[in-house]
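Undergrad: My structure file coords-v8.cif, mmCIF, C-alpha atoms, is below:
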data_protein
loop_
_atom_site.group_PDB
_atom_site.id
_atom_site.type_symbol
_atom_site.label_atom_id
_atom_site.label_comp_id
_atom_site.auth_asym_id
_atom_site.auth_seq_id
_atom_site.Cartn_x
_atom_site.Cartn_y
_atom_site.Cartn_z
ATOM 1 C CA MET V 301 71.065 118.090 177.853
ATOM 2 C CA GLU V 302 68.588 120.431 176.198
ATOM 3 C CA ARG V 303 67.470 123.576 177.954
ATOM 4 C CA LEU V 304 63.875 124.719 177.629
ATOM 5 C CA THR V 305 63.380 128.470 177.488
ATOM 6 C CA LEU V 306 60.069 130.321 177.487
ATOM 7 C CA PRO V 307 59.325 133.836 176.297
ATOM 8 C CA ALA V 308 58.002 136.483 178.640
ATOM 9 C CA GLY V 309 54.641 135.318 179.964
ATOM 10 C CA GLY V 310 55.246 131.786 178.683
ATOM 11 C CA ALA V 311 55.133 130.163 182.113
ATOM 12 C CA ALA V 312 51.796 131.814 182.841
ATOM 13 C CA ALA V 313 50.438 130.528 179.519
ATOM 14 C CA VAL V 314 51.525 126.982 180.416
ATOM 15 C CA ASP V 315 49.803 127.279 183.792
ATOM 16 C CA MET V 316 46.606 128.479 182.105
ATOM 17 C CA TYR V 317 46.679 125.561 179.683
ATOM 18 C CA MET V 318 47.217 123.030 182.478
ATOM 19 C CA GLU V 319 44.314 124.583 184.396
ATOM 20 C CA TYR V 320 42.180 124.353 181.261
ATOM 21 C CA ARG V 321 43.103 120.697 180.713
ATOM 22 C CA ARG V 322 42.353 119.746 184.337
ATOM 23 C CA ILE V 323 38.926 121.379 184.136
ATOM 24 C CA VAL V 324 37.838 120.373 180.625
ATOM 25 C CA GLY V 325 39.482 116.967 180.456
ATOM 26 C CA GLU V 326 38.337 115.107 177.335
ATOM 27 C CA ASP V 327 35.149 117.116 176.846
ATOM 28 C CA ASP V 328 36.565 119.344 174.087
ATOM 29 C CA GLY V 329 37.089 116.391 171.732
ATOM 30 C CA GLY V 330 40.724 117.328 171.162
ATOM 31 C CA LYS V 331 39.936 120.847 169.899
ATOM 32 C CA LEU V 332 40.479 123.726 172.299
ATOM 33 C CA PHE V 333 37.415 125.731 173.302
ATOM 34 C CA THR V 334 37.295 129.378 172.378
ATOM 35 C CA PRO V 335 37.395 131.748 175.375
ATOM 36 C CA GLU V 336 33.615 132.185 175.096
ATOM 37 C CA GLU V 337 33.018 128.419 174.918
ATOM 38 C CA TYR V 338 35.363 127.876 177.849
ATOM 39 C CA GLU V 339 33.508 130.360 180.057
ATOM 40 C CA GLU V 340 30.160 128.851 179.076
ATOM 41 C CA TYR V 341 31.491 125.368 179.835
ATOM 42 C CA LYS V 342 32.606 126.446 183.312
ATOM 43 C CA ARG V 343 29.270 128.123 184.071
ATOM 44 C CA LYS V 344 27.444 124.921 183.175
ATOM 45 C CA VAL V 345 29.728 122.178 184.488
ATOM 46 C CA LEU V 346 31.558 123.477 187.563
ATOM 47 C CA PRO V 347 28.533 123.842 189.904
ATOM 48 C CA MET V 348 27.351 120.383 188.886
ATOM 49 C CA ARG V 349 30.820 118.918 189.381
ATOM 50 C CA LEU V 350 31.301 120.465 192.802
ATOM 51 C CA GLN V 351 27.935 119.205 194.002
ATOM 52 C CA ASN V 352 27.778 115.757 192.391
ATOM 53 C CA ARG V 353 31.343 114.473 192.530
ATOM 54 C CA LEU V 354 31.710 110.690 192.536
ATOM 55 C CA PHE V 355 34.491 108.950 194.465
ATOM 56 C CA VAL V 356 35.942 105.772 192.938
ATOM 57 C CA SER V 357 38.061 103.258 194.825
ATOM 58 C CA TRP V 358 39.171 99.632 194.610
ATOM 59 C CA ARG V 359 38.071 98.171 197.926
ATOM 60 C CA SER V 360 39.037 94.984 199.716
ATOM 61 C CA PRO V 361 36.574 92.756 201.629
ATOM 62 C CA THR V 362 37.826 94.322 204.868
ATOM 63 C CA GLY V 363 36.702 97.795 203.751
ATOM 64 C CA MET V 364 40.182 99.090 202.944
ATOM 65 C CA ASP V 365 40.500 101.344 199.890
ATOM 66 C CA CYS V 366 43.525 99.612 198.387
ATOM 67 C CA LYS V 367 43.526 101.925 195.364
ATOM 68 C CA LEU V 368 42.046 105.389 194.948
ATOM 69 C CA VAL V 369 41.260 105.958 191.288
ATOM 70 C CA GLY V 370 42.452 109.159 189.606
ATOM 71 C CA PRO V 371 42.096 110.697 186.130
ATOM 72 C CA GLU V 372 44.928 108.636 184.617
ATOM 73 C CA THR V 373 44.038 105.294 186.232
ATOM 74 C CA LEU V 374 43.404 102.593 183.641
ATOM 75 C CA CYS V 375 40.162 100.657 183.350
ATOM 76 C CA PHE V 376 39.799 97.006 182.346
ATOM 77 C CA CYS V 377 39.017 98.317 178.843
ATOM 78 C CA THR V 378 42.560 99.861 178.778
ATOM 79 C CA HIS V 379 41.146 103.412 178.667
ATOM 80 C CA ARG V 380 41.690 105.901 181.481
ATOM 81 C CA TYR V 381 39.184 106.992 184.075
ATOM 82 C CA LYS V 382 38.995 110.490 182.573
ATOM 83 C CA GLN V 383 37.765 108.892 179.343
ATOM 84 C CA HIS V 384 34.655 107.575 181.113
ATOM 85 C CA LYS V 385 31.479 109.435 182.019
ATOM 86 C CA THR V 386 32.177 111.105 185.345
ATOM 87 C CA ASP V 387 29.849 114.152 185.417
ATOM 88 C CA PHE V 388 26.140 113.829 186.226
ATOM 89 C CA GLU V 389 23.514 116.542 186.508
ATOM 90 C CA THR V 390 21.655 114.216 188.868
ATOM 91 C CA ILE V 391 23.350 111.347 190.667
ATOM 92 C CA PRO V 392 21.780 108.019 189.611
ATOM 93 C CA GLN V 393 19.696 106.254 192.225
ATOM 94 C CA GLN V 394 20.605 102.694 191.263
ATOM 95 C CA ARG V 395 23.614 100.986 192.811
ATOM 96 C CA PRO V 396 26.236 100.245 191.711
ATOM 97 C CA ILE V 397 26.656 103.420 189.659
ATOM 98 C CA SER V 398 27.893 102.640 186.155
ATOM 99 C CA LEU V 399 30.468 104.896 184.516
ATOM 100 C CA PRO V 400 30.563 103.833 180.830
ATOM 101 C CA CYS V 401 33.553 104.491 178.597
ATOM 102 C CA GLN V 402 33.069 107.356 176.153
ATOM 103 C CA VAL V 403 35.697 106.256 173.631
ATOM 104 C CA THR V 404 34.020 105.499 170.299
ATOM 105 C CA GLY V 405 33.601 101.769 169.746
ATOM 106 C CA CYS V 406 34.571 100.695 173.274
ATOM 107 C CA PRO V 407 32.148 98.079 174.686
ATOM 108 C CA CYS V 408 32.932 99.037 178.313
ATOM 109 C CA ARG V 409 29.693 99.768 180.193
ATOM 110 C CA ALA V 410 31.135 100.493 183.622
ATOM 111 C CA TYR V 411 34.533 101.552 184.903
ATOM 112 C CA LEU V 412 36.390 98.559 186.373
ATOM 113 C CA TYR V 413 39.807 98.904 187.962
ATOM 114 C CA VAL V 414 42.306 96.103 187.403
ATOM 115 C CA PRO V 415 45.671 96.204 189.240
ATOM 116 C CA LEU V 416 49.015 95.914 187.504
ATOM 117 C CA ASN V 417 51.699 93.363 188.266
ATOM 118 C CA GLY V 418 54.646 95.706 188.089
ATOM 119 C CA MET V 419 54.248 97.384 184.693
ATOM 120 C CA GLN V 420 52.149 94.722 183.007
ATOM 121 C CA PRO V 421 48.498 93.639 183.409
ATOM 122 C CA ILE V 422 47.683 90.750 185.711
ATOM 123 C CA ARG V 423 46.900 87.326 184.257
ATOM 124 C CA CYS V 424 43.635 85.430 184.257
ATOM 125 C CA ARG V 425 43.459 81.803 185.376
ATOM 126 C CA CYS V 426 43.524 80.975 181.635
ATOM 127 C CA LYS V 427 47.113 82.367 181.672
ATOM 128 C CA HIS V 428 46.291 85.294 179.386
ATOM 129 C CA PHE V 429 46.618 88.955 180.335
ATOM 130 C CA ALA V 430 43.686 91.144 181.288
ATOM 131 C CA ASN V 431 44.041 93.226 178.106
ATOM 132 C CA GLN V 432 43.587 90.048 176.067
ATOM 133 C CA HIS V 433 40.010 89.781 177.334
ATOM 134 C CA SER V 434 36.938 91.558 176.044
ATOM 135 C CA ALA V 435 35.778 94.633 177.942
ATOM 136 C CA GLY V 436 32.164 93.727 177.184
ATOM 137 C CA PRO V 437 29.843 91.842 179.548
ATOM 138 C CA GLY V 438 31.341 88.513 180.626
ATOM 139 C CA PHE V 439 34.958 89.597 180.012
ATOM 140 C CA MET V 440 35.570 86.633 177.730
ATOM 141 C CA CYS V 441 39.105 85.823 176.601
ATOM 142 C CA ASN V 442 39.988 86.735 173.026
ATOM 143 C CA ALA V 443 42.994 84.394 172.946
ATOM 144 C CA CYS V 444 41.397 81.081 173.953
ATOM 145 C CA SER V 445 38.022 79.348 174.030
ATOM 146 C CA LYS V 446 38.300 77.569 177.384
ATOM 147 C CA CYS V 447 38.049 80.744 179.504
ATOM 148 C CA SER V 448 34.625 81.363 181.049
ATOM 149 C CA GLY V 449 35.440 84.962 181.976
ATOM 150 C CA PHE V 450 38.264 86.933 183.508
ATOM 151 C CA HIS V 451 39.187 85.640 186.980
ATOM 152 C CA SER V 452 42.568 86.419 188.519
ATOM 153 C CA CYS V 453 44.137 85.030 191.686
ATOM 154 C CA PHE V 454 46.624 87.913 191.832
ATOM 155 C CA THR V 455 47.106 88.893 195.478
ATOM 156 C CA CYS V 456 46.874 92.523 196.534
ATOM 157 C CA ALA V 457 49.276 94.036 199.064
ATOM 158 C CA CYS V 458 46.455 93.832 201.624
ATOM 159 C CA GLY V 459 46.629 90.027 201.419
ATOM 160 C CA GLN V 460 43.307 89.532 199.628
ATOM 161 C CA PRO V 461 43.024 88.179 196.046
ATOM 162 C CA ALA V 462 42.069 90.560 193.256
ATOM 163 C CA TYR V 463 38.759 88.796 192.576
ATOM 164 C CA ALA V 464 37.650 89.537 196.157
ATOM 165 C CA HIS V 465 37.959 93.307 195.603
ATOM 166 C CA ASP V 466 35.254 95.577 194.216
ATOM 167 C CA THR V 467 35.376 98.796 192.224
ATOM 168 C CA VAL V 468 33.209 101.098 194.324
ATOM 169 C CA VAL V 469 31.586 104.298 193.012
ATOM 170 C CA GLU V 470 30.025 106.381 195.775
ATOM 171 C CA THR V 471 28.934 109.899 196.644
ATOM 172 C CA LYS V 472 30.457 112.307 199.137
ATOM 173 C CA GLN V 473 27.653 111.652 201.634
ATOM 174 C CA GLU V 474 28.169 107.888 201.380
ATOM 175 C CA ARG V 475 31.892 108.220 202.092
ATOM 176 C CA LEU V 476 31.346 110.565 205.018
ATOM 177 C CA ALA V 477 28.893 108.069 206.507
ATOM 178 C CA GLN V 478 31.753 105.536 206.486
ATOM 179 C CA ARG V 479 34.197 108.077 207.967
ATOM 180 C CA LYS V 480 36.328 108.027 204.818
ATOM 181 C CA PRO V 481 38.189 111.124 203.563
ATOM 182 C CA VAL V 482 36.601 113.321 200.900
ATOM 183 C CA GLY V 483 39.104 116.178 200.747
ATOM 184 C CA GLN V 484 38.155 119.599 199.410
ATOM 185 C CA ASP V 485 35.600 120.322 196.686
ATOM 186 C CA VAL V 486 37.534 120.940 193.466
ATOM 187 C CA PRO V 487 36.359 121.901 189.945
ATOM 188 C CA TYR V 488 38.675 119.489 188.133
ATOM 189 C CA ALA V 489 37.409 116.665 185.931
ATOM 190 C CA ALA V 490 37.538 112.968 186.826
ATOM 191 C CA MET V 491 39.201 113.352 190.228
ATOM 192 C CA GLY V 492 37.724 110.046 191.355
ATOM 193 C CA GLY V 493 38.969 109.138 194.815
ATOM 194 C CA LEU V 494 42.000 111.440 194.925
ATOM 195 C CA THR V 495 41.851 113.764 197.924
ATOM 196 C CA GLY V 496 45.539 114.436 198.652
ATOM 197 C CA PHE V 497 49.114 113.482 197.781
ATOM 198 C CA SER V 498 49.031 110.345 199.914
ATOM 199 C CA SER V 499 46.025 109.142 197.891
ATOM 200 C CA LEU V 500 48.546 107.967 195.293
ATOM 201 C CA ALA V 501 49.920 105.373 197.721
ATOM 202 C CA GLU V 502 48.270 102.083 198.586
ATOM 203 C CA ASP V 503 46.059 102.170 201.662
ATOM 204 C CA TYR V 504 48.385 100.361 204.052
ATOM 205 C CA MET V 505 51.170 102.846 203.184
ATOM 206 C CA ARG V 506 49.174 106.030 203.786
ATOM 207 C CA LEU V 507 50.317 107.792 206.950
ATOM 208 C CA ASP V 508 47.449 110.283 207.074
ATOM 209 C CA ASP V 509 43.786 110.448 206.193
ATOM 210 C CA SER V 510 44.464 111.503 202.575
ATOM 211 C CA GLY V 511 42.795 114.863 202.510
ATOM 212 C CA ILE V 512 40.489 114.715 205.523
ATOM 213 C CA GLY V 513 41.825 118.129 206.532
ATOM 214 C CA ALA V 514 44.188 119.681 209.081
ATOM 215 C CA PRO V 515 44.442 117.944 212.483
ATOM 216 C CA SER V 516 42.191 119.334 215.173
ATOM 217 C CA GLY V 517 43.533 121.500 217.989
ATOM 218 C CA GLU V 518 42.646 118.770 220.458
ATOM 219 C CA PHE V 519 44.859 116.314 218.573
ATOM 220 C CA LEU V 520 47.788 118.735 218.321
ATOM 221 C CA ASP V 521 47.592 119.576 222.046
ATOM 222 C CA SER V 522 47.291 115.964 223.204
ATOM 223 C CA PRO V 523 50.184 114.601 225.324
ATOM 224 C CA VAL V 524 52.890 112.374 223.840
ATOM 225 C CA THR V 525 52.230 108.683 224.497
ATOM 226 C CA ALA V 526 54.082 105.419 224.008
ATOM 227 C CA MET V 527 52.492 105.083 220.559
ATOM 228 C CA ASP V 528 54.055 108.286 219.220
ATOM 229 C CA HIS V 529 57.153 108.628 217.053
ATOM 230 C CA PRO V 530 60.514 108.250 218.878
ATOM 231 C CA PHE V 531 61.491 111.758 217.733
ATOM 232 C CA LEU V 532 58.642 113.214 219.745
ATOM 233 C CA LYS V 533 59.608 111.125 222.745
ATOM 234 C CA ALA V 534 63.213 112.323 222.560
ATOM 235 C CA PHE V 535 62.182 115.956 222.936
ATOM 236 C CA GLN V 536 59.210 115.416 225.220
ATOM 237 C CA ALA V 537 61.260 116.472 228.264
ATOM 238 C CA SER V 538 62.749 119.570 226.603
ATOM 239 C CA SER V 539 60.398 121.804 228.602
ATOM 240 C CA SER V 540 61.199 120.091 231.887
ATOM 241 C CA SER V 541 64.478 120.299 233.810
ATOM 242 C CA SER V 542 64.063 116.923 235.506
ATOM 243 C CA PRO V 543 64.785 113.638 233.713
ATOM 244 C CA GLU V 544 61.972 111.272 232.842
ATOM 245 C CA THR V 545 61.567 107.702 233.944
ATOM 246 C CA LEU V 546 60.700 105.167 231.256
ATOM 247 C CA THR V 547 59.187 102.023 232.741
ATOM 248 C CA ASP V 548 58.676 100.141 229.489
ATOM 249 C CA VAL V 549 61.175 98.874 226.923
ATOM 250 C CA PRO V 550 63.690 101.706 226.302
ATOM 251 C CA LEU V 551 63.830 103.169 222.821
ATOM 252 C CA TYR V 552 67.373 104.493 223.348
ATOM 253 C CA PRO V 553 70.649 102.864 224.523
ATOM 254 C CA ARG V 554 70.802 102.386 228.276
ATOM 255 C CA LEU V 555 72.850 105.075 230.021
ATOM 256 C CA PHE V 556 74.377 104.388 233.468
ATOM 257 C CA THR V 557 73.544 106.799 236.248
ATOM 258 C CA SER V 558 74.560 107.198 239.857
ATOM 259 C CA ALA V 559 71.488 105.223 240.847
ATOM 260 C CA ASP V 560 72.787 102.248 238.860
ATOM 261 C CA SER V 561 76.146 102.231 240.692
ATOM 262 C CA ALA V 562 74.359 102.285 244.050
ATOM 263 C CA ASN V 563 71.880 99.615 243.035
ATOM 264 C CA PRO V 564 73.227 97.504 240.120
ATOM 265 C CA GLY V 565 70.157 95.281 240.063
ATOM 266 C CA ALA V 566 67.667 98.043 239.491
ATOM 267 C CA CYS V 567 66.721 97.415 235.864
ATOM 268 C CA SER V 568 63.004 97.972 236.097
ATOM 269 C CA SER V 569 63.358 101.649 235.244
ATOM 270 C CA VAL V 570 65.833 103.661 233.213
ATOM 271 C CA VAL V 571 66.451 107.304 233.982
ATOM 272 C CA VAL V 572 67.319 109.144 230.807
ATOM 273 C CA GLY V 573 67.904 112.894 230.638
ATOM 274 C CA THR V 574 67.020 115.132 227.749
ATOM 275 C CA SER V 575 70.668 115.629 226.773
ATOM 276 C CA SER V 576 71.306 111.880 226.547
ATOM 277 C CA GLN V 577 68.132 111.375 224.515
ATOM 278 C CA VAL V 578 69.226 114.032 222.050
ATOM 279 C CA SER V 579 72.700 112.483 221.940
ATOM 280 C CA SER V 580 71.220 109.184 220.753
ATOM 281 C CA LEU V 581 69.789 110.889 217.668
ATOM 282 C CA ARG V 582 71.905 111.199 214.551
ATOM 283 C CA LYS V 583 72.942 114.734 213.655
ATOM 284 C CA PRO V 584 72.146 116.006 210.133
ATOM 285 C CA GLU V 585 75.809 116.338 209.155
ATOM 286 C CA GLU V 586 76.852 112.910 210.479
ATOM 287 C CA ASP V 587 77.389 109.884 208.276
ATOM 288 C CA ASP V 588 77.075 106.310 209.557
ATOM 289 C CA MET V 589 80.690 105.949 210.709
ATOM 290 C CA ALA V 590 80.782 109.311 212.504
ATOM 291 C CA PHE V 591 77.503 108.560 214.321
ATOM 292 C CA PHE V 592 78.603 105.121 215.528
ATOM 293 C CA GLU V 593 82.056 106.415 216.528
ATOM 294 C CA ARG V 594 80.528 109.218 218.603
ATOM 295 C CA ARG V 595 78.142 106.830 220.337
ATOM 296 C CA TYR V 596 81.036 104.390 220.989
ATOM 297 C CA GLN V 597 83.195 107.080 222.561
ATOM 298 C CA GLU V 598 80.280 108.179 224.761
ATOM 299 C CA ARG V 599 79.789 104.607 225.954
ATOM 300 C CA ILE V 600 83.533 104.189 226.730
ATOM 301 C CA LYS V 601 83.503 107.419 228.744
ATOM 302 C CA MET V 602 80.482 106.261 230.762
ATOM 303 C CA GLU V 603 82.058 102.855 231.432
ATOM 304 C CA LYS V 604 85.254 104.513 232.736
ATOM 305 C CA ALA V 605 83.216 106.772 234.988
ATOM 306 C CA ALA V 606 81.308 103.768 236.339
ATOM 307 C CA LYS V 607 84.574 101.877 237.050
ATOM 308 C CA GLN V 608 86.088 104.819 238.895
ATOM 309 C CA LYS V 609 83.018 105.024 241.118
ATOM 310 C CA GLY V 610 83.228 101.290 241.741
ATOM 311 C CA LYS V 611 86.848 101.564 243.044
ATOM 312 C CA ALA V 612 85.855 103.624 246.100
ATOM 313 C CA PRO V 613 87.305 102.076 249.324
ATOM 314 C CA LEU V 614 84.968 99.744 251.139
ATOM 315 C CA PRO V 615 84.130 100.428 254.801
ATOM 316 C CA SER V 616 86.369 98.472 257.240
ATOM 317 C CA THR V 617 84.883 95.619 259.230
ATOM 318 C CA THR V 618 86.055 93.940 262.460
ATOM 319 C CA LYS V 619 86.394 90.178 262.397
ATOM 320 C CA PRO V 620 84.582 88.672 265.378
ATOM 321 C CA SER V 621 86.840 86.872 267.816
#
Now that the file is in, can you turn its structure into structure tokens?
TA:
Amino acid sequence: MERLTLPAGGAAAVDMYMEYRRIVGEDDGGKLFTPEEYEEYKRKVLPMRLQNRLFVSWRSPTGMDCKLVGPETLCFCTHRYKQHKTDFETIPQQRPISLPCQVTGCPCRAYLYVPLNGMQPIRCRCKHFANQHSAGPGFMCNACSKCSGFHSCFTCACGQPAYAHDTVVETKQERLAQRKPVGQDVPYAAMGGLTGFSSLAEDYMRLDDSGIGAPSGEFLDSPVTAMDHPFLKAFQASSSSSPETLTDVPLYPRLFTSADSANPGACSSVVVGTSSQVSSLRKPEEDDMAFFERRYQERIKMEKAAKQKGKAPLPSTTKPS
């Protein structure tokens, strides 16, 4: 295994280069700007970019953003989003907004996202891959003459076919009107729809609002409900000395109490203390066998205690003469 070493100040130089590349993108034509050119570029482009950012997503008919496009996301023309026109001094008025490819000789007139099937492009109904079709208008197949244009029945994880999705280019105001996340204003090139780390996941897998911001104080102070995570429920009673009564389906193994021995048929409610709730959670240092063995021993101990209580002598009765 090779070890990479950097001279003094080398890490800072790498950070500066990565910052430069995120801001400039492909606009330097492969030749680094001089410090003067770089400062002039930032003075000209950054205010425009912060004000006129465009958000790009691949949207299902239900309104779900199944894919949020980022700088490295491929287009139908096989070039990346950062290789398309993404900066505008004035946002175009016509809809949809076209983002043409800026690679020399590419016929692509508008960015069009096409999903991958694993690591390879999806197939058209003519059985040929998407990259075997022309990126020009009509998307005709270059491998056969019977294809009338690219049309794929590939099914997205949302359950809708690929041909039912649309590549949507919209402004910050348009997304806010739909209550969709916009994240923070950033000076980086070709950010597309990325607003947070969870933006890299498909929509149905995102567990937050992908950059909408920190939760409000009202949300953080709201009481724990039946819809919350079991971990929160387990420690909900930590501030109370009395056990809680759960009237719905229990999330933890049933624990016998004195009330159960007095009334064996009372199954409508389960009284579970904080200590027993915590006991049902796996400890960080426990493996599978240790966790199940501990829970088994706890259950055996409770069963023995219940049997001992059940052996108490019954009150004597007098047989009528």
Undergrad: Can you list, as a short mmCIF file (atom, residue, chain, number, x, y, z; two decimals) with C-alpha atoms, in the coordinates of the input, the residues that the PyMOL selection byres ((chain V and resi 359-374) around 9) selects here?
TA:
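Written out: part13.cif:
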data_model
loop_
_atom_site.label_atom_id
_atom_site.label_comp_id
_atom_site.auth_asym_id
_atom_site.auth_seq_id
_atom_site.Cartn_x
_atom_site.Cartn_y
_atom_site.Cartn_z
CA GLY V 325 39.48 116.97 180.46
CA PHE V 355 34.49 108.95 194.46
CA VAL V 356 35.94 105.77 192.94
CA SER V 357 38.06 103.26 194.82
CA TRP V 358 39.17 99.63 194.61
CA CYS V 375 40.16 100.66 183.35
CA PHE V 376 39.80 97.01 182.35
CA CYS V 377 39.02 98.32 178.84
CA THR V 378 42.56 99.86 178.78
CA HIS V 379 41.15 103.41 178.67
CA ARG V 380 41.69 105.90 181.48
CA TYR V 381 39.18 106.99 184.08
CA LYS V 382 38.99 110.49 182.57
CA GLN V 383 37.76 108.89 179.34
CA LEU V 412 36.39 98.56 186.37
CA TYR V 413 39.81 98.90 187.96
CA VAL V 414 42.31 96.10 187.40
CA PRO V 415 45.67 96.20 189.24
CA CYS V 456 46.87 92.52 196.53
CA ALA V 457 49.28 94.04 199.06
CA CYS V 458 46.46 93.83 201.62
CA GLN V 460 43.31 89.53 199.63
CA PRO V 461 43.02 88.18 196.05
CA ALA V 462 42.07 90.56 193.26
CA ALA V 464 37.65 89.54 196.16
CA HIS V 465 37.96 93.31 195.60
CA ASP V 466 35.25 95.58 194.22
CA THR V 467 35.38 98.80 192.22
CA VAL V 468 33.21 101.10 194.32
CA ALA V 489 37.41 116.66 185.93
CA ALA V 490 37.54 112.97 186.83
CA MET V 491 39.20 113.35 190.23
CA GLY V 492 37.72 110.05 191.36
CA GLY V 493 38.97 109.14 194.82
CA LEU V 494 42.00 111.44 194.92
CA THR V 495 41.85 113.76 197.92
CA SER V 499 46.02 109.14 197.89
CA LEU V 500 48.55 107.97 195.29
CA ALA V 501 49.92 105.37 197.72
CA GLU V 502 48.27 102.08 198.59
CA ASP V 503 46.06 102.17 201.66
CA TYR V 504 48.38 100.36 204.05
#
Undergrad: Between atom CA of Arg409 of chain V and atom CA of Gly436 of chain V, measure the distance and give it in Å to one decimal.
TA: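 Separation between atom CA of Arg409 of chain V and atom CA of Gly436 of chain V: 7.2 Å.
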Undergrad: When you look at Arg343 of chain V with a cut-off of 12 Å (counting all atoms listed in the file), what residues show up, excluding the ones that are within fewer than 6 positions of it in the same chain? I need them as JSON, numbers by chain.
TA: {"V": [323, 336, 337, 349, 350, 487]}
Undergrad: In Å, rounded to a single decimal, give me how far atom CA of Arg479 of chain V is from atom CA of Gln394 of chain V.
TA: 22.2 Å
Undergrad: Using the chain letters and numbers from the file, give me the residues hit by the PyMOL selection byres ((chain V and resi 417-432) around 10), as a VMD selection string.
TA: chain V and resid 375 to 378 414 to 416 433 to 435 439 to 456 462
Undergrad: Interatomic distance between atom CA of Ala312 of chain V and atom CA of Met348 of chain V?
TA: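 Those two atoms sit 27.7 Å apart.
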Undergrad: Excluding Ile391 of chain V and residues on its chain fewer than 4 positions from it, collect all residues at most 10 Å away from it, counting only C-alpha atoms, and give them as a list in words.
TA: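 What passes the distance filter is Gln351, Asn352, Arg353, Leu354, Asp387, Ile397, Glu470 and Thr471 of chain V.
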Undergrad: Going by the chain IDs and residue numbers used in this file, which residues fall under the PyMOL selection byres ((chain V and resi 320) around 12)? Write them as a PyMOL selection string.
TA: chain V and resi 313-319+321-328+332-335+337-339+341-342+487-489
Undergrad: Rebuild N, CA and C atoms on segment 484-499 of chain V, as an mmCIF file, in the coordinates of the input?
TA:
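That gives us rebuild_35.cif:
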data_model
loop_
_atom_site.group_PDB
_atom_site.id
_atom_site.type_symbol
_atom_site.label_atom_id
_atom_site.label_comp_id
_atom_site.auth_asym_id
_atom_site.auth_seq_id
_atom_site.Cartn_x
_atom_site.Cartn_y
_atom_site.Cartn_z
ATOM 1 N N GLN V 484 38.812 118.339 199.715
ATOM 2 C CA GLN V 484 38.155 119.599 199.410
ATOM 3 C C GLN V 484 37.400 119.497 198.091
ATOM 4 N N ASP V 485 36.338 120.281 197.950
ATOM 5 C CA ASP V 485 35.600 120.322 196.686
ATOM 6 C C ASP V 485 36.449 121.039 195.645
ATOM 7 N N VAL V 486 36.694 120.378 194.527
ATOM 8 C CA VAL V 486 37.534 120.940 193.466
ATOM 9 C C VAL V 486 36.773 120.910 192.143
ATOM 10 N N PRO V 487 37.086 121.840 191.223
ATOM 11 C CA PRO V 487 36.359 121.901 189.945
ATOM 12 C C PRO V 487 36.953 121.023 188.861
ATOM 13 N N TYR V 488 37.968 120.235 189.169
ATOM 14 C CA TYR V 488 38.675 119.489 188.133
ATOM 15 C C TYR V 488 37.913 118.227 187.727
ATOM 16 N N ALA V 489 38.136 117.808 186.491
ATOM 17 C CA ALA V 489 37.409 116.665 185.931
ATOM 18 C C ALA V 489 38.010 115.347 186.394
ATOM 19 N N ALA V 490 37.142 114.358 186.595
ATOM 20 C CA ALA V 490 37.538 112.968 186.826
ATOM 21 C C ALA V 490 38.546 112.818 187.962
ATOM 22 N N MET V 491 38.295 113.478 189.090
ATOM 23 C CA MET V 491 39.201 113.352 190.228
ATOM 24 C C MET V 491 39.050 112.009 190.935
ATOM 25 N N GLY V 492 37.908 111.362 190.760
ATOM 26 C CA GLY V 492 37.724 110.046 191.355
ATOM 27 C C GLY V 492 37.882 110.074 192.861
ATOM 28 N N GLY V 493 38.782 109.219 193.378
ATOM 29 C CA GLY V 493 38.969 109.138 194.815
ATOM 30 C C GLY V 493 40.143 109.927 195.338
ATOM 31 N N LEU V 494 40.827 110.700 194.479
ATOM 32 C CA LEU V 494 42.000 111.440 194.925
ATOM 33 C C LEU V 494 41.587 112.617 195.801
ATOM 34 N N THR V 495 42.150 112.673 196.995
ATOM 35 C CA THR V 495 41.851 113.764 197.924
ATOM 36 C C THR V 495 43.110 114.409 198.477
ATOM 37 N N GLY V 496 44.287 113.894 198.154
ATOM 38 C CA GLY V 496 45.539 114.436 198.652
ATOM 39 C C GLY V 496 46.703 113.684 198.051
ATOM 40 N N PHE V 497 47.934 114.121 198.358
ATOM 41 C CA PHE V 497 49.114 113.482 197.781
ATOM 42 C C PHE V 497 49.235 112.027 198.219
ATOM 43 N N SER V 498 48.894 111.719 199.443
ATOM 44 C CA SER V 498 49.031 110.345 199.914
ATOM 45 C C SER V 498 47.983 109.425 199.301
ATOM 46 N N SER V 499 47.004 109.985 198.580
ATOM 47 C CA SER V 499 46.025 109.142 197.891
ATOM 48 C C SER V 499 46.684 108.302 196.810
#
